[in-house]
Every structure is written in structure tokens, then in C-alpha cells.
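Undergrad: I have a structure here, written as C-alpha cells, and I will follow up with some questions on it.
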Amino acid sequence: MTIAPERSRTAGREPDVRRALDGVADPELDEPITDLGFVRSVAVADDGTVEVHLRLPTSFCSPSFAYLMAGDAKDAVSALPWVTRAVVQLDDHHDSELINRGLAADAGYLGTFGNEAESDLDGLRETFRRKAHTAAMERSLTGLLRADPDLAETALGTMTLADLPAGDRFTAALLQRRAALGLPEDPSALVLVDEHGQGYPPHEVPLRLRRARSTRISIDGNAHFCRGLLRTRYPGSESDQAARPEGAEATEPTFIPLSDLQEHPR
Amino acid sequence: MYTKDGEKYFIVDAHVALWDARPENQRNIHGKQFIDCFYDYHRNLSPESEVWTYEEYLYQGGERLMKDLFTDGYVDHAIFQPAYLGEFYHSGFGQSEEASALAEAHPDKLTYNHNFDPRNGEQGLEQLHADAERFGLKGVKLYTAEWHGESRGWKLDDPWARRYFEACRELGITNIHVHKGPTIRPLDRDAFDVADIDHVASDFTDLNFIVEHCGLPRLEDFCWIATQEPNVHAGLAVAMPFIHTRPKYFGQILGELLYWVGEDRIQFSSDYAIWTPRWLVERFVDFQIPDELTEYAPVTTAQKKKILGLNAAKMYGIDVPAELRLPDADEPATGPRGADELSAV
């Protein structure tokens, strides 16, 4: 394979690949692999072959998530109209050999892991889509509490999408996560809902908010742990990481600043 | 013992190891990958002054351990929680012979917990009986992501595991420390799923289940289980060093644990030799929930004392000077601790 010898033909193609990879997320951290710094290299050959190398924070990152991201990356790159062949390689993982062989052969998840797997990864994806939604919901609702000191926690159970600030980053993120679960996006829809769109009676609302908060803290915490470990493992990789808007970095006001949040008597 | 501002803290380091990850003990590439991963944890989360060289990190030996924990580290009592990892290391990762000999030589300072693997079937059960007698076991450390031939993990509610817990019950091994790793079969489920803890904690109410790393990276699932099962405890291994790099995040973890699990069921540990206890103890005593996290009450000195040692001392029957003891908090056995006005859901 010749790697990008001729600028004219391949110019613009690497950014094209990276844009495609922007659509691939780490489901556990709910962030694109490009922002996390998981894309180690992209090489485009003039015959339309693309070789992408991925790297993860540890050798022992969960192989199912590793496969899921690598498989999604291969699908995303293959879908570009000019790509003739997509090669995705996962580097330095305890299952690199197995996963790379499976990817090369398009063996699929079940074909790659054989008797270690029982079903495809849809269930796992769904679990983490739900968690991502829960976290996004908590960010929006906590935003409401911060904006209105007189708002009682129990009142959050009747808030609708119309009550959220339009054009707000948290609102946009929540709408996206709702769409991923097939939840209604009309303005009259309740904000605080379970994965089926069902709301909660008022007395359950504070506890549901607390549970959602623990989910959000867990995701944010994993994100900064994984990001930090990647930087330690691959010096220089910090320049490939985009700042996480949800917080989690030491250098910025971390997480959701809850300074204005007041406890309300119920 | 650690003293600060006139307050005395009895320190129990509830999760320490004496490991050997030197190249001559590595069975394969995974042995190197495993210790490298630990070393990255160490480098990533330690203050610069506390970072060891890679050589130091591979093996410490008993003398160094005694110095780091007891001479320099303020620790009154430490509990070995050895991981076997026989597929990665010739003589295992945690050094059973050396650690248990050290505990035998210093019974006032060290407790040796051992491990078992239910995939060893009847033979393993016999071994567990022998180990219980030899080491006088009060606890075991279980690593459910241990590789074993073709298998890369097991679950606490597997039928064979239940037989081992029944044996623990008979043998007086009451303290079950559980660590979840990232590979387990089937791989398509969440590799860190903690639901199996819920099942066995409900069925073995006379055993304590201490979930190391407080269930991280599944803190929320752990908290939800722990709040419903009075015999589930949080071990702070790996969560502790966030106190340095991410104090606000540490505050949130601690705030969540105090809310869902309560101050009587959280145990300090350095996870030695991933980190050393000295700086962790110092910083924890000085730690306070950041002001901006107003949804959490400040951590009290009594809570710190319980977490740093009294809780684990109580579980292990370690003798604590009378003037340092504290009564249990008046908290419900189940349900969120910080929200007694909320009806259970």
C-alpha cells in the first residue's frame, strides 16, 4: 500500500475520514472517539484504501466496547463513497490480535469472540444509551434548579421539554439522547422519564433525580479517568483530546457546578 | 495512628498487596500488560513526589511494605487482598507465601486474606478448607475477571460460587471482598455489571460483601444495590487517589457513598502498592467537600475516623483503643441515608 504520495488526489480525504469517525462514540463515556483521542492515526492511500489505528487507555479495556468502537469505525469509514478498502486496527490491547483478525474478516462480534459471546452487542448499546440519556436528563434538570432558586425538586416531575432553555447545550444533548431511545421530542413531553418515556409520581421525583445524578457522576468520572490514563499511556495524546464540555478535567470547573443549587424543603 | 489538630485517627488499610510482577515471574505478555496498566494508574493519579520508578513498582518485598505502611504511612493494621492471576504470572501476582508469613510474624499489624476460584470445583473447595485452616481466614478477595483456561471470568451467583459461599459460612470466612475487572463471559454483557453482588448479598445475609473501588466504573449501580442490602460495603481502593487529581470528583463520590451507603459501611484503602497510604491519609483528614457542591453535607471528623479505620476494624475484630471508638450512626439499615424523609421506592 502506498500512503498518500500524491496530495492532489488524497487532499481533503483524511479530514473526511476524521469527520466520519466523529460519528463513532464510546458508548460508556458517551463521547466521540475522536474527541477522546482514541484515533491514533489515519492514513489514506491514493487507491482509496484507508488505514485507521485506534488506541485505548489500557490493555485491559473491556473487549466488547473495544470491538464495538472498532467495528463502528470500520463501518463509518467504509461508508465514505470514495473508500475502496477500510482497514481498522486496534493497537496494544490484550485482545488486539483477535479483534483485528475479526475486523479484517468482517466476522462480526459473534464470529470474532466465538463461545465467549452469546448475542450481538445491541443489548449493551441499549444499556449505555439509557445511561447517557439519564445523565443528560440530570444535567438539564439540575440546570433548571440552578436557574430558579424557588423551584422545588418535586416540581421537576412535571417539567416538559418546553420548560428547558431553547438552544442550550444541555437541552440539545438531551434531545439527541432522547431521539436515540425513540422518546418523544414534542414540547409537551415530560423531561424526567424512564427509558420508556414514563414519568414518576411526585414523591418519587427527588430520589429519581438523585439516582440520575449518581449515573451522571459515574459517567463523568469514567470519562476523566479514561482520558487521563490515555494521556499517561501515550504521551502527546492530550493534543488529540477535545475538552469535554460536561466537565471532568482537573483544569476546568469540573462537572456541573452545583454552587447555586439549593436544598428545598418538601 | 495519625494525629492532626488534636484528633487521633486509627488507620486500617483494608486493601494491600505484596506482588511480584518482575519479568521472571511474568508468564506471558498479559503479565506485562497488567502491571503496566497498574503503573499507569499509579503515574496518572499520584502526586509527582510520590511516583515510583518502574523498577521499584515491579516488586517491593516485605521490608519495604512494612516501612511504607507502618513506619511512614500511619497505618495501624493492614489487610492483604491478594489477586492470584495464575494465567499471567508463574507464582501468581499476589505473593501468598511471603505475605502470609509476614502476617504471621506481625499478627497485630497484618491480616492475611486469601482467594478462591469457583471454577476449580470440588478440588478448589477442598483447598478452601485447607487454606481457611492454614491461614485462619476471616476474609477472601475475589477477582471475578480472573482468566482460567478458556474462561475469562465468572459471576458471584454462579451455582459453584454459591457452594463456595456456603463453605465460607461454615468456615467463618465472613468478609468477601469483590473486585470486578473488565473481561468476563459473556462479553456482550456489561463486563462491570454488579447485579450478581445483589443476588448473593440477598442470599447470604450473614456474609459481608465489600465491593472494592466502590463499584467504579459502575458507581450508580453499586450505590443502588448497597442501599438495599445492609451487608454490602464500599471499599475505597482506587477511588482514594482522586483526592489529589480530582478533588471535586472525589467529593462527589464520597457524597454519593455517604448518601446511599452510609458512614458505617465505607472502608479506606491505599490499594498498596498502587499507591502508598501516607499521602492519602494526610489528604483525607484534610479533605472537605468543595463549597460549590452544596448538595452534599460537609464530611465530619467522626465520619473520617470511621472510614479511615473504625469500620474495617469492627468488621475484622481488630482491637481499637477504647478512647478512639465511635458508636454507629443512627441510620436506617436500608434506603438512602441522607434522605430519610423520602419514602422508599
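Chain labels run A, B, ... following the order of the C-alpha cells; each chain numbers its residues from 1, and ligands are numbered from 1 in the order shown.
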Among region 150-337 of chain B, which residues carry a DSSP assignment of strand (DSSP E), reported as an mmCIF file with C-alpha atoms, in the first residue's frame?

TA:
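As a result, out.cif now contains:
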data_model
loop_
_atom_site.group_PDB
_atom_site.id
_atom_site.type_symbol
_atom_site.label_atom_id
_atom_site.label_comp_id
_atom_site.auth_asym_id
_atom_site.auth_seq_id
_atom_site.Cartn_x
_atom_site.Cartn_y
_atom_site.Cartn_z
ATOM 1 C CA ASN B 175 -15.730 -10.920 54.719
ATOM 2 C CA ILE B 176 -15.981 -11.274 50.960
ATOM 3 C CA HIS B 177 -14.023 -8.596 49.108
ATOM 4 C CA VAL B 178 -15.074 -8.383 45.490
ATOM 5 C CA HIS B 179 -13.258 -6.748 42.637
ATOM 6 C CA ASN B 208 -20.248 -9.085 54.315
ATOM 7 C CA PHE B 209 -19.655 -8.123 50.707
ATOM 8 C CA ILE B 210 -17.097 -5.356 50.381
ATOM 9 C CA VAL B 211 -17.143 -4.047 46.849
ATOM 10 C CA VAL B 232 -22.898 -4.596 51.164
ATOM 11 C CA HIS B 233 -19.986 -2.255 51.900
ATOM 12 C CA ALA B 234 -17.928 0.169 49.832
ATOM 13 C CA GLY B 235 -14.160 -0.218 49.584
ATOM 14 C CA ILE B 266 -17.213 2.677 53.821
ATOM 15 C CA GLN B 267 -13.624 1.443 54.164
#

Undergrad: May I have the residues of chain B within 8 Å of chain A, counting only C-alpha atoms, written as an NGL selection string?

TA: :B and (30 or 33-34 or 37 or 40-41 or 43-44 or 151 or 182-183 or 185-191 or 216-220 or 224 or 245-246 or 248-249 or 252-253 or 256 or 291-295 or 342-343 or 345)

Undergrad: List every residue of region 89-157 of chain A that DSSP, applied to the backbone of this structure, assigns to helix (DSSP H, G or I), and report them as a PyMOL selection string.

TA: chain A and resi 96-104+108-116+122-147+153-157

Undergrad: Within 6 Å of region 187-200 of chain A, counting only C-alpha atoms, which residues qualify if same-chain residues fewer than 6 places away don't, as a list in words?

TA: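 The residues that qualify are Gly157, Met159, Thr160, Leu161 and Ala162 of chain A.
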
Undergrad: With N, CA, C and O atoms retained, write the just-selected residues as a PDB file, in the first residue's frame.

TA:
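Done, and the output landed in out_16.pdb:
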ATOM      1  N   GLY A 157     -40.813  16.856  38.347  1.00  0.00           N
ATOM      2  CA  GLY A 157     -41.552  15.739  37.765  1.00  0.00           C
ATOM      3  C   GLY A 157     -42.570  16.166  36.712  1.00  0.00           C
ATOM      4  O   GLY A 157     -42.988  15.349  35.895  1.00  0.00           O
ATOM      5  N   MET A 159     -42.070  19.030  34.749  1.00  0.00           N
ATOM      6  CA  MET A 159     -41.423  19.877  33.742  1.00  0.00           C
ATOM      7  C   MET A 159     -41.480  19.195  32.371  1.00  0.00           C
ATOM      8  O   MET A 159     -41.300  17.978  32.261  1.00  0.00           O
ATOM      9  N   THR A 160     -41.708  20.015  31.360  1.00  0.00           N
ATOM     10  CA  THR A 160     -41.740  19.468  29.994  1.00  0.00           C
ATOM     11  C   THR A 160     -40.553  20.013  29.205  1.00  0.00           C
ATOM     12  O   THR A 160     -39.856  20.926  29.664  1.00  0.00           O
ATOM     13  N   LEU A 161     -40.369  19.469  28.021  1.00  0.00           N
ATOM     14  CA  LEU A 161     -39.257  19.933  27.182  1.00  0.00           C
ATOM     15  C   LEU A 161     -39.382  21.435  26.890  1.00  0.00           C
ATOM     16  O   LEU A 161     -38.368  22.116  26.724  1.00  0.00           O
ATOM     17  N   ALA A 162     -40.617  21.927  26.866  1.00  0.00           N
ATOM     18  CA  ALA A 162     -40.818  23.358  26.608  1.00  0.00           C
ATOM     19  C   ALA A 162     -40.250  24.221  27.735  1.00  0.00           C
ATOM     20  O   ALA A 162     -39.947  25.390  27.530  1.00  0.00           O
TER      21      ALA A 162
END

Undergrad: Restricting the calculation to only C-alpha atoms, which member of B:Tyr143, B:Tyr316, B:Phe116, B:Phe165 is positioned closest to Ala130 (chain B)?

TA: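 Of all the options, B:Phe116 lies closest to Ala130 (chain B).
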
Undergrad: Have a look at B:Phe268, B:Tyr296, B:Phe93, B:Trp279 and name the one nearest to Gly255 (chain B); count only C-alpha atoms.

TA: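 Among B:Phe268, B:Tyr296, B:Phe93, B:Trp279, it is B:Tyr296 that comes nearest to Gly255 (chain B).
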
Undergrad: For CA of Gly37 (chain A) and CA of Asp240 (chain A), determine how far apart the two atoms are, in Å to one decimal place.

TA: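 Going from CA of Gly37 (chain A) over to CA of Asp240 (chain A) covers 4.8 Å.
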
Undergrad: Figure out the distance between CA of Lys180 (chain B) and CA of Thr144 (chain B), please, to one decimal in Å.

TA: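 CA of Thr144 (chain B) sits 5.7 Å away from CA of Lys180 (chain B).
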
Undergrad: Work out how far apart CA of Thr276 (chain B) and CA of Gly309 (chain B) are and give it in Å to one decimal.

TA: 15.7 Å

Undergrad: For a quick check of understanding, using only C-alpha atoms, which of A:Leu151, A:Leu36, A:Val42, A:Ala76 has the smallest distance to Leu21 (chain A)?

TA: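 So, comparing all the options, the nearest one is A:Ala76.
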
Undergrad: Nearest to Ser237 (chain A) among A:Pro165, A:Met137, A:Ser41, A:Asn100, with distances taken over only C-alpha atoms: which residue is it?

TA: A:Ser41

Undergrad: Which residues are close to Asp264 (chain B), i.e. within 8 Å by only C-alpha atoms, leaving aside same-chain residues fewer than 5 positions away? Reply as a PyMOL selection string.

TA: chain B and resi 306-307+311+328-329

Undergrad: Skipping near chain neighbours, those fewer than 2 positions away, what residues fall within 12 Å of Leu80 (chain A) using only C-alpha atoms, listed as a PDB file with N, CA and C atoms, in the first residue's frame?

TA:
ATOM      1  N   ARG A  13      -9.104  14.112   2.024  1.00  0.00           N
ATOM      2  CA  ARG A  13      -9.677  12.807   2.360  1.00  0.00           C
ATOM      3  C   ARG A  13      -9.460  12.420   3.818  1.00  0.00           C
ATOM      4  N   GLU A  14      -8.322  12.825   4.381  1.00  0.00           N
ATOM      5  CA  GLU A  14      -8.105  12.494   5.796  1.00  0.00           C
ATOM      6  C   GLU A  14      -9.122  13.199   6.685  1.00  0.00           C
ATOM      7  N   PRO A  15      -9.339  14.521   6.457  1.00  0.00           N
ATOM      8  CA  PRO A  15     -10.400  15.169   7.244  1.00  0.00           C
ATOM      9  C   PRO A  15     -11.758  14.501   7.053  1.00  0.00           C
ATOM     10  N   ASP A  16     -11.984  14.027   5.835  1.00  0.00           N
ATOM     11  CA  ASP A  16     -13.205  13.304   5.523  1.00  0.00           C
ATOM     12  C   ASP A  16     -13.357  12.076   6.447  1.00  0.00           C
ATOM     13  N   VAL A  17     -12.253  11.349   6.587  1.00  0.00           N
ATOM     14  CA  VAL A  17     -12.246  10.151   7.430  1.00  0.00           C
ATOM     15  C   VAL A  17     -12.472  10.548   8.877  1.00  0.00           C
ATOM     16  N   ARG A  18     -11.801  11.593   9.310  1.00  0.00           N
ATOM     17  CA  ARG A  18     -11.948  12.004  10.710  1.00  0.00           C
ATOM     18  C   ARG A  18     -13.370  12.455  11.004  1.00  0.00           C
ATOM     19  N   ARG A  19     -13.973  13.143  10.024  1.00  0.00           N
ATOM     20  CA  ARG A  19     -15.378  13.543  10.215  1.00  0.00           C
ATOM     21  C   ARG A  19     -16.272  12.312  10.354  1.00  0.00           C
ATOM     22  N   ALA A  20     -15.985  11.308   9.538  1.00  0.00           N
ATOM     23  CA  ALA A  20     -16.784  10.071   9.629  1.00  0.00           C
ATOM     24  C   ALA A  20     -16.597   9.435  11.016  1.00  0.00           C
ATOM     25  N   LEU A  21     -15.358   9.497  11.515  1.00  0.00           N
ATOM     26  CA  LEU A  21     -15.068   8.891  12.831  1.00  0.00           C
ATOM     27  C   LEU A  21     -15.678   9.695  13.979  1.00  0.00           C
ATOM     28  N   GLY A  48      -7.578   4.697  -2.584  1.00  0.00           N
ATOM     29  CA  GLY A  48      -8.819   4.720  -1.813  1.00  0.00           C
ATOM     30  C   GLY A  48      -8.813   3.793  -0.614  1.00  0.00           C
ATOM     31  N   THR A  49      -7.633   3.241  -0.300  1.00  0.00           N
ATOM     32  CA  THR A  49      -7.514   2.433   0.913  1.00  0.00           C
ATOM     33  C   THR A  49      -7.288   3.354   2.111  1.00  0.00           C
ATOM     34  N   VAL A  50      -8.001   3.080   3.185  1.00  0.00           N
ATOM     35  CA  VAL A  50      -7.834   3.868   4.402  1.00  0.00           C
ATOM     36  C   VAL A  50      -7.405   2.933   5.521  1.00  0.00           C
ATOM     37  N   ALA A  73     -16.123   2.023  13.704  1.00  0.00           N
ATOM     38  CA  ALA A  73     -15.162   2.834  12.943  1.00  0.00           C
ATOM     39  C   ALA A  73     -15.009   2.269  11.536  1.00  0.00           C
ATOM     40  N   LYS A  74     -14.935   0.963  11.445  1.00  0.00           N
ATOM     41  CA  LYS A  74     -14.782   0.366  10.113  1.00  0.00           C
ATOM     42  C   LYS A  74     -16.021   0.634   9.257  1.00  0.00           C
ATOM     43  N   ASP A  75     -17.199   0.509   9.849  1.00  0.00           N
ATOM     44  CA  ASP A  75     -18.445   0.776   9.118  1.00  0.00           C
ATOM     45  C   ASP A  75     -18.495   2.235   8.656  1.00  0.00           C
ATOM     46  N   ALA A  76     -18.110   3.149   9.550  1.00  0.00           N
ATOM     47  CA  ALA A  76     -18.195   4.577   9.221  1.00  0.00           C
ATOM     48  C   ALA A  76     -17.258   4.931   8.077  1.00  0.00           C
ATOM     49  N   VAL A  77     -16.044   4.378   8.112  1.00  0.00           N
ATOM     50  CA  VAL A  77     -15.073   4.689   7.063  1.00  0.00           C
ATOM     51  C   VAL A  77     -15.488   4.025   5.752  1.00  0.00           C
ATOM     52  N   SER A  78     -15.949   2.794   5.848  1.00  0.00           N
ATOM     53  CA  SER A  78     -16.359   2.068   4.636  1.00  0.00           C
ATOM     54  C   SER A  78     -17.501   2.774   3.915  1.00  0.00           C
ATOM     55  N   TRP A  82     -15.770   7.306  -1.596  1.00  0.00           N
ATOM     56  CA  TRP A  82     -14.514   7.100  -2.320  1.00  0.00           C
ATOM     57  C   TRP A  82     -13.637   5.993  -1.731  1.00  0.00           C
ATOM     58  N   VAL A  83     -14.032   5.448  -0.598  1.00  0.00           N
ATOM     59  CA  VAL A  83     -13.187   4.444   0.064  1.00  0.00           C
ATOM     60  C   VAL A  83     -13.339   3.093  -0.630  1.00  0.00           C
ATOM     61  N   THR A  84     -12.210   2.542  -1.055  1.00  0.00           N
ATOM     62  CA  THR A  84     -12.252   1.224  -1.708  1.00  0.00           C
ATOM     63  C   THR A  84     -12.032   0.105  -0.701  1.00  0.00           C
ATOM     64  N   ARG A  85     -11.254   0.426   0.350  1.00  0.00           N
ATOM     65  CA  ARG A  85     -10.977  -0.604   1.349  1.00  0.00           C
ATOM     66  C   ARG A  85     -10.674   0.089   2.667  1.00  0.00           C
ATOM     67  N   ALA A  86     -11.325  -0.377   3.742  1.00  0.00           N
ATOM     68  CA  ALA A  86     -11.090   0.213   5.059  1.00  0.00           C
ATOM     69  C   ALA A  86     -10.426  -0.820   5.964  1.00  0.00           C
TER      70      ALA A  86
END
